[in-house]
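Visitor: Have a peek at coords01.cif (mmCIF, C-alpha atoms).
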```cif
data_work
loop_
_atom_site.label_atom_id
_atom_site.label_comp_id
_atom_site.auth_asym_id
_atom_site.auth_seq_id
_atom_site.Cartn_x
_atom_site.Cartn_y
_atom_site.Cartn_z
CA MET A 1 -30.14 69.11 -186.15
CA SER A 2 -32.35 71.00 -183.74
CA ASN A 3 -33.60 69.39 -180.55
CA GLU A 4 -37.13 69.59 -181.95
CA SER A 5 -36.36 67.45 -185.03
CA GLN A 6 -38.30 64.21 -185.07
CA THR A 7 -35.88 62.17 -187.22
CA ILE A 8 -32.15 61.52 -187.07
CA ARG A 9 -31.01 60.38 -190.51
CA VAL A 10 -28.02 58.05 -190.48
CA GLY A 11 -25.55 57.55 -193.33
CA ILE A 12 -23.41 54.39 -193.29
CA LEU A 13 -19.98 54.38 -194.96
CA GLY A 14 -19.21 50.76 -195.81
CA PHE A 15 -21.93 48.18 -196.22
CA GLY A 16 -20.22 44.94 -195.39
CA THR A 17 -21.11 42.59 -192.55
CA VAL A 18 -21.22 45.25 -189.82
CA GLY A 19 -22.78 47.93 -192.02
CA GLN A 20 -25.62 45.65 -193.06
CA GLY A 21 -26.10 44.52 -189.46
CA THR A 22 -26.32 48.11 -188.28
CA TRP A 23 -28.90 48.99 -190.95
CA LYS A 24 -30.93 45.87 -190.17
CA HIS A 25 -31.04 46.44 -186.42
CA LEU A 26 -31.81 50.14 -186.74
CA VAL A 27 -34.84 49.24 -188.85
CA GLU A 28 -35.95 46.30 -186.70
CA ASN A 29 -35.59 48.24 -183.44
CA ALA A 30 -36.94 51.56 -184.72
CA GLU A 31 -39.91 51.65 -182.37
CA SER A 32 -37.96 50.82 -179.21
CA LEU A 33 -35.26 53.36 -180.09
CA LYS A 34 -37.94 56.00 -180.63
CA LYS A 35 -39.36 55.28 -177.16
CA ILE A 36 -35.90 55.67 -175.63
CA LEU A 37 -34.85 58.77 -177.56
CA GLY A 38 -38.09 60.50 -178.44
CA VAL A 39 -37.01 60.69 -182.08
CA GLU A 40 -36.86 58.26 -184.97
CA VAL A 41 -33.38 57.05 -185.93
CA LEU A 42 -33.54 56.15 -189.59
CA PRO A 43 -30.78 54.75 -191.86
CA VAL A 44 -31.17 56.55 -195.19
CA ARG A 45 -28.01 56.04 -197.25
CA ALA A 46 -25.06 53.63 -197.45
CA SER A 47 -21.89 53.56 -199.53
CA VAL A 48 -20.47 50.45 -201.20
CA ARG A 49 -17.48 49.67 -203.37
CA ASP A 50 -19.49 47.67 -205.92
CA LEU A 51 -23.09 48.63 -206.67
CA THR A 52 -23.68 45.40 -208.62
CA LYS A 53 -22.76 43.03 -205.81
CA ASP A 54 -25.51 40.84 -204.34
CA ARG A 55 -26.13 41.45 -200.63
CA LYS A 56 -27.97 39.48 -197.98
CA LEU A 57 -29.83 42.58 -196.83
CA ALA A 58 -32.26 43.98 -199.39
CA ILE A 59 -32.59 47.77 -199.36
CA ASP A 60 -33.77 50.31 -201.90
CA ALA A 61 -31.16 50.67 -204.67
CA ASP A 62 -31.55 54.44 -204.47
CA ALA A 63 -30.15 54.32 -200.93
CA LEU A 64 -26.82 52.90 -202.16
CA THR A 65 -23.94 54.85 -203.67
CA ASP A 66 -20.30 54.24 -204.47
CA ASP A 67 -19.48 57.85 -203.51
CA SER A 68 -18.92 57.98 -199.74
CA MET A 69 -18.18 61.69 -199.80
CA SER A 70 -21.66 62.39 -201.18
CA ILE A 71 -23.12 60.93 -197.97
CA VAL A 72 -20.80 62.97 -195.76
CA ASP A 73 -21.75 66.15 -197.65
CA ASP A 74 -25.48 65.34 -197.84
CA PRO A 75 -27.43 67.91 -195.77
CA GLY A 76 -30.14 65.29 -195.39
CA VAL A 77 -27.79 63.07 -193.35
CA ASP A 78 -27.38 64.02 -189.68
CA LEU A 79 -25.04 61.31 -188.37
CA ILE A 80 -22.28 59.24 -189.98
CA CYS A 81 -21.36 55.62 -189.24
CA GLU A 82 -17.88 54.93 -190.60
CA LEU A 83 -17.71 51.15 -191.03
CA MET A 84 -15.62 50.94 -194.19
CA GLY A 85 -12.27 49.97 -192.70
CA GLY A 86 -8.94 51.10 -194.06
CA ILE A 87 -7.15 54.24 -192.96
CA GLU A 88 -6.54 57.11 -195.34
CA GLU A 89 -9.91 57.36 -197.08
CA ALA A 90 -11.71 56.82 -193.78
CA ARG A 91 -9.61 59.57 -192.17
CA VAL A 92 -10.45 62.09 -194.91
CA LEU A 93 -14.16 61.27 -194.73
CA THR A 94 -14.21 61.46 -190.92
CA LEU A 95 -12.50 64.86 -190.85
CA ARG A 96 -14.90 66.13 -193.54
CA ALA A 97 -17.87 64.96 -191.46
CA PHE A 98 -16.53 66.85 -188.45
CA ALA A 99 -16.07 69.97 -190.59
CA ASN A 100 -19.71 69.58 -191.69
CA GLY A 101 -20.79 69.52 -188.04
CA LYS A 102 -21.65 65.81 -188.03
CA SER A 103 -20.78 63.33 -185.31
CA VAL A 104 -19.21 60.04 -186.38
CA VAL A 105 -19.64 56.54 -184.97
CA THR A 106 -16.86 54.15 -185.96
CA ALA A 107 -15.73 50.54 -185.62
CA ASN A 108 -12.39 51.33 -187.27
CA LYS A 109 -9.71 50.45 -184.71
CA ALA A 110 -6.89 50.72 -187.28
CA LEU A 111 -7.83 54.34 -188.02
CA ILE A 112 -8.06 55.25 -184.34
CA CYS A 113 -4.77 53.54 -183.60
CA GLU A 114 -3.04 55.45 -186.41
CA HIS A 115 -4.75 58.87 -186.19
CA GLY A 116 -6.74 58.87 -182.96
CA GLU A 117 -4.99 61.87 -181.43
CA GLU A 118 -5.79 64.04 -184.46
CA LEU A 119 -9.37 62.79 -184.83
CA PHE A 120 -10.33 63.25 -181.18
CA SER A 121 -8.86 66.75 -181.24
CA GLU A 122 -10.71 67.73 -184.43
CA ALA A 123 -14.01 66.34 -183.14
CA GLU A 124 -13.63 68.42 -179.98
CA LYS A 125 -12.85 71.56 -181.98
CA ALA A 126 -15.93 71.00 -184.14
CA GLY A 127 -18.14 70.38 -181.11
CA VAL A 128 -19.20 66.91 -182.32
CA ARG A 129 -18.81 63.37 -181.03
CA TYR A 130 -16.41 60.68 -182.24
CA ALA A 131 -17.82 57.47 -180.75
CA PHE A 132 -15.85 54.27 -180.99
CA GLU A 133 -17.22 51.60 -178.60
CA ALA A 134 -17.52 49.13 -181.52
CA SER A 135 -13.81 49.39 -182.26
CA VAL A 136 -12.79 47.23 -179.28
CA ALA A 137 -14.00 43.80 -178.12
CA GLY A 138 -17.20 43.37 -180.12
CA GLY A 139 -20.20 43.20 -177.81
CA ILE A 140 -18.33 44.06 -174.57
CA PRO A 141 -18.86 47.70 -173.48
CA ILE A 142 -15.24 47.96 -172.36
CA ILE A 143 -14.73 51.58 -173.39
CA LYS A 144 -17.75 52.83 -171.47
CA VAL A 145 -16.62 50.82 -168.45
CA LEU A 146 -13.15 52.42 -168.56
CA ARG A 147 -14.40 55.96 -169.14
CA GLU A 148 -17.46 55.99 -166.92
CA SER A 149 -18.17 53.06 -164.60
CA LEU A 150 -14.64 52.67 -163.20
CA VAL A 151 -13.70 56.34 -163.25
CA ALA A 152 -12.33 56.22 -159.68
CA ASN A 153 -9.66 53.65 -160.61
CA GLU A 154 -6.18 53.54 -161.98
CA PHE A 155 -5.22 50.35 -163.78
CA PRO A 156 -1.92 48.57 -163.15
CA LEU A 157 -3.09 45.65 -165.35
CA ILE A 158 -5.49 45.22 -168.26
CA TYR A 159 -5.33 42.00 -170.21
CA GLY A 160 -7.51 39.69 -172.21
CA ILE A 161 -8.70 38.20 -175.45
CA LEU A 162 -9.35 40.99 -177.95
CA ASN A 163 -9.89 38.98 -181.14
CA GLY A 164 -12.78 36.54 -181.36
CA THR A 165 -11.58 34.94 -184.60
CA SER A 166 -8.24 33.78 -183.21
CA ASN A 167 -9.98 32.57 -180.06
CA TYR A 168 -12.47 30.57 -182.12
CA ILE A 169 -9.63 28.90 -184.03
CA LEU A 170 -7.64 28.00 -180.90
CA THR A 171 -10.74 26.69 -179.12
CA ARG A 172 -11.64 24.38 -181.99
CA MET A 173 -8.06 23.17 -182.33
CA GLU A 174 -7.87 22.36 -178.62
CA SER A 175 -11.29 20.79 -178.16
CA GLU A 176 -11.41 18.78 -181.38
CA GLY A 177 -7.78 18.25 -182.32
CA ALA A 178 -8.64 19.95 -185.62
CA THR A 179 -5.91 21.48 -187.77
CA PHE A 180 -5.34 25.21 -188.03
CA ASP A 181 -6.15 25.22 -191.76
CA ASP A 182 -9.44 23.32 -191.34
CA VAL A 183 -10.72 25.61 -188.58
CA LEU A 184 -9.62 28.71 -190.49
CA ALA A 185 -11.70 27.54 -193.47
CA ASP A 186 -14.76 27.20 -191.22
CA ALA A 187 -14.13 30.64 -189.72
CA ARG A 188 -14.08 32.13 -193.22
CA ASP A 189 -17.38 30.45 -194.07
CA LEU A 190 -18.96 31.86 -190.90
CA GLY A 191 -17.82 35.40 -191.71
CA TYR A 192 -15.52 35.64 -188.68
CA VAL A 193 -12.33 36.47 -190.61
CA GLU A 194 -11.36 39.96 -191.77
CA ALA A 195 -10.88 40.48 -195.52
CA ASP A 196 -7.20 40.95 -194.69
CA GLU A 197 -6.70 37.73 -192.74
CA ALA A 198 -3.36 38.86 -191.31
CA LEU A 199 -5.26 41.29 -189.08
CA ASP A 200 -6.80 38.35 -187.19
CA LEU A 201 -4.12 35.69 -187.55
CA ASP A 202 -1.02 37.80 -186.91
CA GLY A 203 -2.33 39.72 -183.90
CA VAL A 204 -2.64 43.10 -185.64
CA ASP A 205 -6.37 43.52 -184.99
CA ALA A 206 -5.89 42.76 -181.28
CA ALA A 207 -2.90 45.11 -181.18
CA HIS A 208 -4.97 48.01 -182.55
CA LYS A 209 -7.47 47.42 -179.75
CA ALA A 210 -4.75 47.14 -177.09
CA VAL A 211 -3.27 50.46 -178.18
CA ILE A 212 -6.70 52.12 -177.87
CA LEU A 213 -7.25 50.65 -174.39
CA ALA A 214 -3.77 51.75 -173.30
CA TYR A 215 -4.56 55.30 -174.38
CA LEU A 216 -7.93 55.36 -172.65
CA ALA A 217 -6.47 54.01 -169.42
CA HIS A 218 -3.16 55.87 -169.38
CA GLY A 219 -3.26 58.75 -171.89
CA MET A 220 -0.33 57.55 -174.00
CA TRP A 221 -0.39 56.64 -177.68
CA ILE A 222 1.99 53.76 -178.33
CA SER A 223 3.02 52.92 -181.88
CA LEU A 224 2.53 49.35 -183.10
CA LYS A 225 6.16 49.26 -184.18
CA ASP A 226 7.23 49.75 -180.56
CA ILE A 227 5.33 46.79 -179.08
CA THR A 228 5.45 43.00 -179.35
CA VAL A 229 2.81 41.80 -181.83
CA GLU A 230 2.62 38.07 -182.51
CA GLY A 231 -0.16 35.89 -183.90
CA ILE A 232 -1.37 32.31 -183.77
CA ARG A 233 0.10 30.73 -186.91
CA GLU A 234 2.95 29.00 -185.01
CA ILE A 235 0.65 27.33 -182.46
CA SER A 236 0.46 23.56 -183.03
CA ASN A 237 -1.85 20.93 -181.58
CA GLU A 238 1.20 19.65 -179.70
CA ASP A 239 1.60 23.06 -178.04
CA LEU A 240 -2.03 23.04 -176.94
CA LEU A 241 -1.60 19.58 -175.44
CA ALA A 242 1.63 20.54 -173.70
CA ALA A 243 -0.05 23.63 -172.24
CA ARG A 244 -2.86 21.48 -170.86
CA LYS A 245 -0.31 19.25 -169.09
CA LEU A 246 1.09 22.41 -167.50
CA GLY A 247 -2.37 23.40 -166.23
CA CYS A 248 -2.79 26.13 -168.85
CA LYS A 249 -4.56 27.01 -172.09
CA ILE A 250 -2.98 28.96 -174.92
CA LYS A 251 -4.78 32.20 -175.72
CA LEU A 252 -3.89 35.17 -177.90
CA ILE A 253 -3.96 37.99 -175.36
CA GLY A 254 -3.29 41.68 -175.21
CA VAL A 255 -1.48 42.80 -172.06
CA ILE A 256 -1.23 46.40 -170.79
CA ARG A 257 0.82 46.95 -167.64
CA ARG A 258 1.69 50.18 -165.89
CA ASN A 259 4.26 50.58 -163.14
CA PHE A 260 3.01 53.56 -161.14
CA GLU A 261 6.37 54.01 -159.41
CA ASN A 262 8.13 55.06 -162.61
CA ASN A 263 5.11 55.55 -164.94
CA HIS A 264 6.44 53.03 -167.43
CA ILE A 265 3.87 51.26 -169.61
CA SER A 266 4.23 48.01 -171.52
CA VAL A 267 1.79 46.86 -174.23
CA GLY A 268 1.97 43.57 -176.06
CA VAL A 269 -0.15 41.11 -178.02
CA HIS A 270 1.00 37.50 -178.20
CA PRO A 271 0.01 33.89 -177.57
CA ALA A 272 0.38 33.01 -173.91
CA LEU A 273 -0.12 30.06 -171.61
CA VAL A 274 -2.80 31.23 -169.16
CA PRO A 275 -3.59 29.17 -166.02
CA VAL A 276 -6.90 27.33 -166.41
CA GLY A 277 -8.16 28.85 -163.16
CA GLU A 278 -8.36 32.27 -164.80
CA ILE A 279 -11.66 33.32 -166.38
CA ILE A 280 -9.79 34.49 -169.47
CA ALA A 281 -8.41 30.98 -169.98
CA ARG A 282 -11.95 29.61 -169.91
CA THR A 283 -13.26 32.20 -172.38
CA ASP A 284 -13.70 30.15 -175.55
CA GLY A 285 -15.11 30.29 -179.07
CA VAL A 286 -15.75 33.69 -180.63
CA TYR A 287 -15.97 35.28 -177.20
CA ASN A 288 -13.71 38.10 -176.06
CA GLY A 289 -12.76 38.57 -172.44
CA VAL A 290 -11.11 41.56 -170.76
CA SER A 291 -9.77 41.59 -167.20
CA LEU A 292 -9.34 45.01 -165.57
CA THR A 293 -7.43 45.30 -162.31
CA GLY A 294 -8.28 48.64 -160.72
CA THR A 295 -6.82 50.29 -157.66
CA VAL A 296 -10.28 50.70 -156.09
CA VAL A 297 -12.51 47.95 -157.50
CA GLY A 298 -9.96 45.13 -157.66
CA THR A 299 -10.35 42.80 -160.64
CA VAL A 300 -13.34 42.96 -162.96
CA VAL A 301 -13.73 40.58 -165.90
CA LEU A 302 -16.07 41.22 -168.83
CA THR A 303 -16.82 38.63 -171.51
CA GLY A 304 -18.98 38.65 -174.61
CA ARG A 305 -19.12 37.78 -178.28
CA GLY A 306 -16.28 39.37 -180.18
CA ALA A 307 -16.74 38.21 -183.78
CA GLY A 308 -19.63 38.25 -186.19
CA GLN A 309 -22.20 40.74 -187.36
CA ASP A 310 -24.50 41.24 -184.39
CA PRO A 311 -22.10 41.99 -181.51
CA THR A 312 -20.29 44.76 -183.38
CA ALA A 313 -23.48 46.15 -184.91
CA GLY A 314 -24.96 46.22 -181.41
CA SER A 315 -22.03 48.31 -180.17
CA VAL A 316 -22.40 50.66 -183.15
CA ILE A 317 -26.07 51.21 -182.28
CA SER A 318 -25.18 51.76 -178.63
CA ASP A 319 -22.87 54.55 -179.76
CA ILE A 320 -25.58 55.95 -182.05
CA VAL A 321 -27.94 56.12 -179.07
CA ASP A 322 -25.32 57.94 -176.98
CA VAL A 323 -24.61 60.43 -179.76
CA VAL A 324 -28.31 61.09 -180.38
CA LYS A 325 -28.85 61.66 -176.66
CA GLY A 326 -26.09 64.25 -176.81
CA MET A 327 -27.66 65.89 -179.87
CA LYS A 328 -30.96 66.05 -177.97
CA GLY A 329 -29.30 67.51 -174.88
CA MET A 330 -30.16 64.39 -172.86
CA ASN A 331 -26.62 63.82 -171.61
CA SER A 332 -23.23 65.47 -171.66
CA GLN A 333 -20.25 64.10 -173.52
CA PRO A 334 -18.06 62.04 -171.18
CA LYS A 335 -14.39 62.82 -170.96
CA LEU A 336 -12.29 60.81 -173.39
CA LEU A 337 -9.94 59.77 -170.65
CA HIS A 338 -11.26 58.64 -167.29
CA VAL A 339 -8.29 60.27 -165.53
CA THR A 340 -5.94 63.12 -166.29
CA PRO A 341 -2.91 61.29 -167.66
CA ASP A 342 0.50 61.57 -166.08
CA GLU A 343 3.56 61.73 -168.28
CA CYS A 344 4.19 58.10 -169.25
CA THR A 345 6.98 56.39 -171.13
CA ALA A 346 7.30 52.93 -172.62
CA ALA A 347 8.88 50.19 -170.53
CA THR A 348 12.13 48.72 -171.83
CA ALA A 349 12.53 45.07 -172.77
CA LYS A 350 14.61 44.48 -169.61
CA GLU A 351 11.72 45.72 -167.46
CA ILE A 352 9.09 43.38 -168.95
CA CYS A 353 9.45 40.17 -166.98
CA GLY A 354 7.80 36.77 -167.09
CA CYS A 355 8.21 33.07 -167.71
CA PHE A 356 8.37 31.52 -171.17
CA TYR A 357 7.52 28.36 -173.11
CA LEU A 358 9.92 27.12 -175.81
CA ARG A 359 9.48 24.36 -178.39
CA LEU A 360 12.59 23.16 -180.21
CA ARG A 361 13.26 20.51 -182.86
CA VAL A 362 16.81 19.22 -182.49
CA ASP A 363 19.15 16.38 -183.45
CA ASP A 364 18.49 13.39 -181.21
CA ARG A 365 22.01 12.92 -179.87
CA PRO A 366 23.75 12.85 -176.46
CA GLY A 367 24.60 16.23 -175.00
CA GLN A 368 22.14 18.24 -177.09
CA LEU A 369 19.95 19.21 -174.14
CA ALA A 370 23.00 20.19 -172.09
CA GLN A 371 24.12 22.52 -174.89
CA ILE A 372 20.72 24.14 -174.97
CA ALA A 373 20.63 24.62 -171.20
CA GLU A 374 24.12 26.16 -171.27
CA CYS A 375 23.15 28.47 -174.14
CA LEU A 376 20.14 29.70 -172.17
CA ALA A 377 22.05 30.07 -168.91
CA GLU A 378 24.64 32.31 -170.60
CA ARG A 379 21.74 34.69 -171.41
CA GLU A 380 20.39 34.56 -167.82
CA VAL A 381 17.53 32.20 -168.68
CA SER A 382 17.08 29.22 -166.35
CA LEU A 383 14.91 26.17 -167.00
CA ALA A 384 11.86 25.25 -164.93
CA THR A 385 10.64 22.13 -166.80
CA VAL A 386 11.87 19.96 -169.68
CA SER A 387 10.00 17.45 -171.85
CA GLN A 388 11.59 15.55 -174.74
CA THR A 389 9.94 13.36 -177.40
CA PRO A 390 12.01 11.38 -179.95
CA LYS A 391 11.04 11.55 -183.64
CA ASP A 392 12.42 8.29 -185.04
CA GLU A 393 11.67 9.03 -188.68
CA ASP A 394 14.38 11.70 -189.04
CA ARG A 395 16.57 11.06 -185.97
CA SER A 396 15.35 14.27 -184.35
CA ALA A 397 13.66 15.11 -181.07
CA GLN A 398 11.14 17.66 -179.95
CA ILE A 399 12.02 19.46 -176.73
CA ILE A 400 9.51 21.57 -174.81
CA LEU A 401 11.00 23.85 -172.16
CA THR A 402 9.56 26.30 -169.68
CA THR A 403 11.68 28.92 -167.95
CA HIS A 404 11.84 30.57 -164.58
CA GLN A 405 11.17 34.30 -164.58
CA THR A 406 13.42 36.31 -166.85
CA ASN A 407 12.87 39.33 -169.10
CA GLU A 408 12.07 40.02 -172.75
CA HIS A 409 15.59 41.24 -173.48
CA SER A 410 17.26 38.07 -172.19
CA ILE A 411 14.83 35.68 -173.86
CA GLN A 412 15.25 37.36 -177.23
CA LEU A 413 19.05 37.10 -176.92
CA ALA A 414 18.58 33.43 -176.05
CA ILE A 415 16.35 32.78 -179.07
CA GLU A 416 18.87 34.34 -181.44
CA ALA A 417 21.64 32.22 -179.91
CA LEU A 418 19.56 29.02 -180.15
CA LYS A 419 18.98 29.65 -183.87
CA GLN A 420 22.76 29.43 -184.37
CA LEU A 421 23.35 26.48 -182.04
CA PRO A 422 24.52 23.29 -183.81
CA GLY A 423 21.85 20.60 -183.77
CA VAL A 424 18.87 22.98 -183.60
CA LYS A 425 17.00 22.12 -186.79
CA GLU A 426 14.28 24.80 -186.90
CA SER A 427 13.68 28.27 -185.53
CA PRO A 428 12.51 27.94 -181.91
CA VAL A 429 8.82 28.58 -181.15
CA LEU A 430 8.33 30.92 -178.20
CA PHE A 431 5.20 31.72 -176.19
CA ARG A 432 4.79 33.70 -172.97
CA MET A 433 3.45 32.16 -169.78
CA PHE A 434 1.08 34.70 -168.32
CA ASP A 435 0.11 34.70 -164.66
CA PRO A 436 -1.79 37.86 -163.63
CA ASN A 437 -0.84 37.19 -160.01
CA GLY A 438 2.85 36.69 -160.59
CA PHE A 439 3.83 38.53 -163.75
CA GLU A 440 5.49 41.82 -162.79
CA ASN A 441 6.52 44.82 -164.81
CA GLN A 442 9.39 45.84 -162.57
#
```
Can you turn what I pasted into structure tokens?
Guide:
Amino acid sequence: MSNESQTIRVGILGFGTVGQGTWKHLVENAESLKKILGVEVLPVRASVRDLTKDRKLAIDADALTDDSMSIVDDPGVDLICELMGGIEEARVLTLRAFANGKSVVTANKALICEHGEELFSEAEKAGVRYAFEASVAGGIPIIKVLRESLVANEFPLIYGILNGTSNYILTRMESEGATFDDVLADARDLGYVEADEALDLDGVDAAHKAVILAYLAHGMWISLKDITVEGIREISNEDLLAARKLGCKIKLIGVIRRNFENNHISVGVHPALVPVGEIIARTDGVYNGVSLTGTVVGTVVLTGRGAGQDPTAGSVISDIVDVVKGMKGMNSQPKLLHVTPDECTAATAKEICGCFYLRLRVDDRPGQLAQIAECLAEREVSLATVSQTPKDEDRSAQIILTTHQTNEHSIQLAIEALKQLPGVKESPVLFRMFDPNGFENQ
């Protein structure tokens, strides 16, 4: 596209919730975008899996196709929005777009997590942009903040809520006493849940985003198989009540820590008890929240809607505007990383320290708690608090424990030992207790 062209024609790969939202907002905001950019940004084609499916957004049938590659290869399309999800097909289409000299805007965190290094390199070689603000934290401009606004900082700690669906479910469970299954059904009806529900419920979606943030902040790609990834299915209403008594709320959080003395990085996604005084603990509903602790700025917290059509579509359009500005020569492409990365390695389980919450169901008999305490002590895990509730109907008891600071290696040894301990009736439920002021990656 020459700088003199008066129209940027956008092709959208994938016409689900976000794709339709992007098309809708591009059309509705066409005049304001033209005032900002000096050109018209016009969605012209979109690809779908099923041409016969009814859609909420009515567009000309001629604009739809089930052949995504035809859009990528169409000389009448200047810019590609890859919103289809999945990995391999999206990768092939993205690389083809680069080869055709077309920039790509994406919301596909799974693709970036799996093939980001290759895709960023190929975009650079082709002299095009690969923009991905919509891939992390919905409506929060976290990637721009990391790459541009806080460029003078290094980040010993980044943590927060990276999945609005899980946060919506936990908020409803806590505030209403509603069951997990009932709230999940409502979340489906509202369009908050991914087609593959495990992405939201098992922490995978948040983990993809945490990996991307870790790379942007520290220049290291960490494989999902090398980090702790846990979801929200094990969280009960009893756990939420117990957390409240401890002055905390349970949130599914991603945590990225870097020890600048040895350049070790830890990344994890898991439910955690967060003190109610923290902004992240008070970030409820479909909202995401990210706390950045920088060496210059201190702590900055950003919150915003993280699930639903409009927040993500808004981030997609923000990226489209940035890319079009670059095509028009109105700004230069920012560096992918805000700092030149040092050589980093992953922290070991013994280095990742913190306190933990345990829920056990055991035989209600004398000496059972003493056995548990001894089992934990042998693995260098000491108890901070203990709460026990009898369950008369089956002669069992529920025990809720919190620990003093220990490490991931010791607590996992302890969990495995507790599973084999006589009188322990079910697999223990484990959550982290996260305190940004006291949790140290030593």
Visitor: Excluding segment 79-94 of chain A and residues on its chain fewer than 5 positions from it, collect all residues at most 6 Å away from it, counting all atoms listed in the file, and give them as a PDB file with C-alpha atoms, in the frame of the given file.
Guide:
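So around_7.pdb came out as:
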```pdb
ATOM      1  CA  VAL A  10     -28.020  58.050-190.480  1.00  0.00           C
ATOM      2  CA  GLY A  11     -25.550  57.550-193.330  1.00  0.00           C
ATOM      3  CA  ILE A  12     -23.410  54.390-193.290  1.00  0.00           C
ATOM      4  CA  LEU A  13     -19.980  54.380-194.960  1.00  0.00           C
ATOM      5  CA  GLY A  14     -19.210  50.760-195.810  1.00  0.00           C
ATOM      6  CA  LYS A 102     -21.650  65.810-188.030  1.00  0.00           C
ATOM      7  CA  SER A 103     -20.780  63.330-185.310  1.00  0.00           C
ATOM      8  CA  VAL A 104     -19.210  60.040-186.380  1.00  0.00           C
ATOM      9  CA  VAL A 105     -19.640  56.540-184.970  1.00  0.00           C
ATOM     10  CA  THR A 106     -16.860  54.150-185.960  1.00  0.00           C
ATOM     11  CA  ALA A 107     -15.730  50.540-185.620  1.00  0.00           C
ATOM     12  CA  ASN A 108     -12.390  51.330-187.270  1.00  0.00           C
ATOM     13  CA  LEU A 111      -7.830  54.340-188.020  1.00  0.00           C
TER      14      LEU A 111
END
```
Visitor: Excluding Asp74 of chain A and residues on its chain fewer than 3 positions from it, collect all residues at most 10 Å away from it, counting all atoms listed in the file, and give them as a PyMOL selection string.
Guide: chain A and resi 11+45+69-71+77-78+97+100
Visitor: Contacts of Glu117 of chain A at 8 Å or less, counting only C-alpha atoms, minus same-chain residues fewer than 4 places along, as a list in words?
Guide: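 So the residues in contact are Ile112, Ser121 and Trp221 of chain A.
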Visitor: Give me the residues within 7 Å of Asn167 of chain A as a PDB file with C-alpha atoms, in the coordinates of the input, counting only C-alpha atoms and dropping any in the same chain fewer than 5 places off.
Guide:
```
ATOM      1  CA  LYS A 251      -4.780  32.200-175.720  1.00  0.00           C
ATOM      2  CA  LEU A 252      -3.890  35.170-177.900  1.00  0.00           C
ATOM      3  CA  ASP A 284     -13.700  30.150-175.550  1.00  0.00           C
ATOM      4  CA  GLY A 285     -15.110  30.290-179.070  1.00  0.00           C
ATOM      5  CA  VAL A 286     -15.750  33.690-180.630  1.00  0.00           C
TER       6      VAL A 286
END
```
Visitor: Taking the file as I've supplied it (selection: the PyMOL selection byres ((chain A and resi 195) around 12)), which residues are included? Please answer as an MDAnalysis selection string.
Guide: chainID A and resid 16:17 84:86 187:188 191:194 196:201 205
Visitor: Residues of the last selection are to be written out with C-alpha atoms, as a JSON list (two decimals), in the frame of the given file.
Guide:
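Listing of part05.json after writing:
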```
[["chain", "number", "residue", "atom", "x", "y", "z"],
["A", 16, "GLY", "CA", -20.22, 44.94, -195.39],
["A", 17, "THR", "CA", -21.11, 42.59, -192.55],
["A", 84, "MET", "CA", -15.62, 50.94, -194.19],
["A", 85, "GLY", "CA", -12.27, 49.97, -192.70],
["A", 86, "GLY", "CA", -8.94, 51.10, -194.06],
["A", 187, "ALA", "CA", -14.13, 30.64, -189.72],
["A", 188, "ARG", "CA", -14.08, 32.13, -193.22],
["A", 191, "GLY", "CA", -17.82, 35.40, -191.71],
["A", 192, "TYR", "CA", -15.52, 35.64, -188.68],
["A", 193, "VAL", "CA", -12.33, 36.47, -190.61],
["A", 194, "GLU", "CA", -11.36, 39.96, -191.77],
["A", 196, "ASP", "CA", -7.20, 40.95, -194.69],
["A", 197, "GLU", "CA", -6.70, 37.73, -192.74],
["A", 198, "ALA", "CA", -3.36, 38.86, -191.31],
["A", 199, "LEU", "CA", -5.26, 41.29, -189.08],
["A", 200, "ASP", "CA", -6.80, 38.35, -187.19],
["A", 201, "LEU", "CA", -4.12, 35.69, -187.55],
["A", 205, "ASP", "CA", -6.37, 43.52, -184.99]]
```
Visitor: Please evaluate the PyMOL selection byres ((chain A and resi 397-413) around 6) against the displayed coordinates and give the resulting residues as a list of chain:residue names.
Guide: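 Checked against the file, the PyMOL selection byres ((chain A and resi 397-413) around 6) matches A:Ala349, A:Lys350, A:Ile352, A:Cys353, A:Gly354, A:Cys355, A:Phe356, A:Tyr357, A:Leu358, A:Arg359, A:Leu360, A:Arg361, A:Val362, A:Asp364, A:Arg379, A:Ser382, A:Leu383, A:Ala384, A:Thr385, A:Val386, A:Ser387, A:Gln388, A:Thr389, A:Pro390, A:Lys391, A:Ser396, A:Ala414, A:Ile415, A:Glu416.
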Visitor: Just the residues within 10 Å of Phe260 of chain A, please, counting all atoms listed in the file, with nothing from its chain fewer than 5 positions along; format it as a count of residues only.
Guide: 6
Visitor: Return as AutoDock Vina command-line options the box centre and box size in Å, one decimal, for an axis-aligned box around all listed atoms of segment 19-23 of chain A padded by 3 Å per side.
Guide:
```
--center_x -25.8 --center_y 46.8 --center_z -190.7 --size_x 12.1 --size_y 10.5 --size_z 10.8
```
Visitor: How far is it from atom CA of Leu146 of chain A to atom CA of Asn437 of chain A, in Å with one decimal?
Guide: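 Computing it gives 21.4 Å between the two atoms.
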Visitor: I would like the residues chosen by the PyMOL selection byres ((chain A and resi 210) around 8) on the shown file; could you give them as number ranges by chain?
Guide: A: 162, 206-209, 211-214, 254-256, 267-269
Visitor: Suppose you want the space between atom CA of Arg129 of chain A and atom CA of Val316 of chain A; what is it in Å?
Guide: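 Taking atom CA of Arg129 of chain A as the start and atom CA of Val316 of chain A as the end point, the length is 13.4 Å.
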Visitor: Atom CA of Leu190 of chain A and atom CA of Gly231 of chain A, how far apart in Å?
Guide: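 For atom CA of Gly231 of chain A relative to atom CA of Leu190 of chain A, the distance reads 20.5 Å.
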